[in-house]
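Peer 1: To be precise about what I am sending: the file is called coords.cif and holds mmCIF, C-alpha atoms.
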```
data_start
loop_
_atom_site.group_PDB
_atom_site.id
_atom_site.type_symbol
_atom_site.label_atom_id
_atom_site.label_comp_id
_atom_site.auth_asym_id
_atom_site.auth_seq_id
_atom_site.Cartn_x
_atom_site.Cartn_y
_atom_site.Cartn_z
ATOM 1 C CA MET A 1 73.191 149.431 105.330
ATOM 2 C CA THR A 2 69.830 151.086 105.127
ATOM 3 C CA TYR A 3 68.382 152.981 108.022
ATOM 4 C CA ASP A 4 65.324 150.724 108.226
ATOM 5 C CA ARG A 5 67.489 148.133 110.022
ATOM 6 C CA LEU A 6 69.027 150.512 112.548
ATOM 7 C CA VAL A 7 68.038 150.231 116.200
ATOM 8 C CA CYS A 8 68.013 153.286 118.443
ATOM 9 C CA ALA A 9 70.389 153.164 121.408
ATOM 10 C CA ASN A 10 68.039 155.410 123.372
ATOM 11 C CA CYS A 11 64.775 153.432 123.202
ATOM 12 C CA ALA A 12 65.863 150.131 121.538
ATOM 13 C CA ALA A 13 63.190 150.521 118.841
ATOM 14 C CA PRO A 14 63.761 150.619 115.079
ATOM 15 C CA VAL A 15 64.833 154.093 113.981
ATOM 16 C CA THR A 16 62.198 154.080 111.224
ATOM 17 C CA GLU A 17 59.417 154.061 113.825
ATOM 18 C CA GLY A 18 60.650 157.327 115.360
ATOM 19 C CA ARG A 19 59.439 156.531 118.877
ATOM 20 C CA CYS A 20 61.724 158.984 120.669
ATOM 21 C CA PRO A 21 63.337 162.338 119.791
ATOM 22 C CA VAL A 22 66.681 160.616 119.169
ATOM 23 C CA CYS A 23 65.055 158.244 116.645
ATOM 24 C CA ARG A 24 63.288 161.070 114.864
ATOM 25 C CA ALA A 25 66.468 163.169 114.660
ATOM 26 C CA SER A 26 68.500 160.234 113.354
ATOM 27 C CA ARG A 27 65.835 159.333 110.813
ATOM 28 C CA GLU A 28 65.688 162.921 109.554
ATOM 29 C CA ARG A 29 69.480 163.159 109.300
ATOM 30 C CA LEU A 30 69.729 159.866 107.401
ATOM 31 C CA GLN A 31 66.981 160.887 104.999
ATOM 32 C CA GLN A 32 68.775 164.154 104.249
ATOM 33 C CA GLN A 33 72.052 162.329 103.620
ATOM 34 C CA ALA A 34 70.362 159.823 101.315
ATOM 35 C CA GLY A 35 68.946 162.581 99.115
ATOM 36 C CA GLY A 36 71.319 163.608 96.371
ATOM 37 C CA ILE A 37 70.876 165.773 93.326
ATOM 38 C CA PHE A 38 68.495 163.262 91.721
ATOM 39 C CA ALA A 39 66.409 162.828 94.874
ATOM 40 C CA GLN A 40 65.111 166.374 94.492
ATOM 41 C CA LEU A 41 63.913 165.832 90.905
ATOM 42 C CA SER A 42 60.418 164.629 90.145
ATOM 43 C CA PRO A 43 59.978 161.378 88.213
ATOM 44 C CA ALA A 44 58.698 163.344 85.209
ATOM 45 C CA MET A 45 61.820 165.487 85.251
ATOM 46 C CA LEU A 46 64.023 162.381 85.398
ATOM 47 C CA VAL A 47 62.216 160.891 82.373
ATOM 48 C CA ALA A 48 62.635 164.163 80.470
ATOM 49 C CA LEU A 49 66.340 164.233 81.339
ATOM 50 C CA MET A 50 66.764 160.654 80.110
ATOM 51 C CA ILE A 51 64.994 161.494 76.825
ATOM 52 C CA VAL A 52 67.269 164.492 76.285
ATOM 53 C CA LEU A 53 70.378 162.432 77.024
ATOM 54 C CA ILE A 54 69.287 159.697 74.603
ATOM 55 C CA ALA A 55 68.565 162.294 71.906
ATOM 56 C CA VAL A 56 71.976 163.903 72.369
ATOM 57 C CA GLY A 57 73.609 160.473 72.217
ATOM 58 C CA LEU A 58 71.818 159.647 68.978
ATOM 59 C CA LEU A 59 72.794 162.986 67.440
ATOM 60 C CA LEU A 60 76.434 162.474 68.385
ATOM 61 C CA HIS A 61 76.362 158.933 67.019
ATOM 62 C CA GLN A 62 74.964 160.116 63.669
ATOM 63 C CA ALA A 63 77.514 162.931 63.450
ATOM 64 C CA SER A 64 80.469 160.560 63.663
#
```
As structure tokens, what does this structure read like?
Peer 2:
Amino acid sequence: MTYDRLVCANCAAPVTEGRCPVCRASRERLQQQAGGIFAQLSPAMLVALMIVLIAVGLLLHQAS
């Protein structure tokens, strides 16, 4: 379940709106949990990583 569907028990509003301190704290905590190692990389860095992985795969395929 994504946090955009969660309802705050404190103010009964969607957590994504952040109407009360409880909503804002929950939203922040959920956003931090959702971010993994790839969430911190820029899109350009992800494209560069994919290009490197494809190149390594092609080199290994040619070597065998």
Peer 1: Closest to Leu30 of chain A among A:Ala63, A:Leu58, A:Val15, A:Val47, using all atoms listed in the file?
Peer 2: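 Distance minimum relative to Leu30 of chain A lands on A:Val15.
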Peer 1: Name the residues captured by the PyMOL selection byres ((chain A and resi 14) around 12) when it is applied to the shown file; answer as a list of chain:residue names.
Peer 2: A:Thr2, A:Tyr3, A:Asp4, A:Arg5, A:Leu6, A:Val7, A:Cys8, A:Ala9, A:Asn10, A:Cys11, A:Ala12, A:Ala13, A:Val15, A:Thr16, A:Glu17, A:Gly18, A:Arg19, A:Cys20, A:Val22, A:Cys23, A:Arg24, A:Ser26, A:Arg27
Peer 1: Would you save the residues from that selection as an mmCIF file, keeping the file's coordinate frame, using C-alpha atoms?
Peer 2:
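Produced file result25.cif, reproduced below:
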```
data_model
loop_
_atom_site.group_PDB
_atom_site.id
_atom_site.type_symbol
_atom_site.label_atom_id
_atom_site.label_comp_id
_atom_site.auth_asym_id
_atom_site.auth_seq_id
_atom_site.Cartn_x
_atom_site.Cartn_y
_atom_site.Cartn_z
ATOM 1 C CA THR A 2 69.830 151.086 105.127
ATOM 2 C CA TYR A 3 68.382 152.981 108.022
ATOM 3 C CA ASP A 4 65.324 150.724 108.226
ATOM 4 C CA ARG A 5 67.489 148.133 110.022
ATOM 5 C CA LEU A 6 69.027 150.512 112.548
ATOM 6 C CA VAL A 7 68.038 150.231 116.200
ATOM 7 C CA CYS A 8 68.013 153.286 118.443
ATOM 8 C CA ALA A 9 70.389 153.164 121.408
ATOM 9 C CA ASN A 10 68.039 155.410 123.372
ATOM 10 C CA CYS A 11 64.775 153.432 123.202
ATOM 11 C CA ALA A 12 65.863 150.131 121.538
ATOM 12 C CA ALA A 13 63.190 150.521 118.841
ATOM 13 C CA VAL A 15 64.833 154.093 113.981
ATOM 14 C CA THR A 16 62.198 154.080 111.224
ATOM 15 C CA GLU A 17 59.417 154.061 113.825
ATOM 16 C CA GLY A 18 60.650 157.327 115.360
ATOM 17 C CA ARG A 19 59.439 156.531 118.877
ATOM 18 C CA CYS A 20 61.724 158.984 120.669
ATOM 19 C CA VAL A 22 66.681 160.616 119.169
ATOM 20 C CA CYS A 23 65.055 158.244 116.645
ATOM 21 C CA ARG A 24 63.288 161.070 114.864
ATOM 22 C CA SER A 26 68.500 160.234 113.354
ATOM 23 C CA ARG A 27 65.835 159.333 110.813
#
```
Peer 1: Quick one: 5 Å padding each side, axis-aligned, all listed atoms of segment 45-62 of chain A - centre and edge lengths in Å to one decimal, as JSON?
Peer 2:
```
{"center_x": 69.1, "center_y": 162.2, "center_z": 74.5, "size_x": 24.6, "size_y": 16.6, "size_z": 31.7}
```
Peer 1: One decimal, Å: what's the distance from atom CA of Ala44 of chain A over to atom CA of Arg29 of chain A, could you say?
Peer 2: 26.4 Å
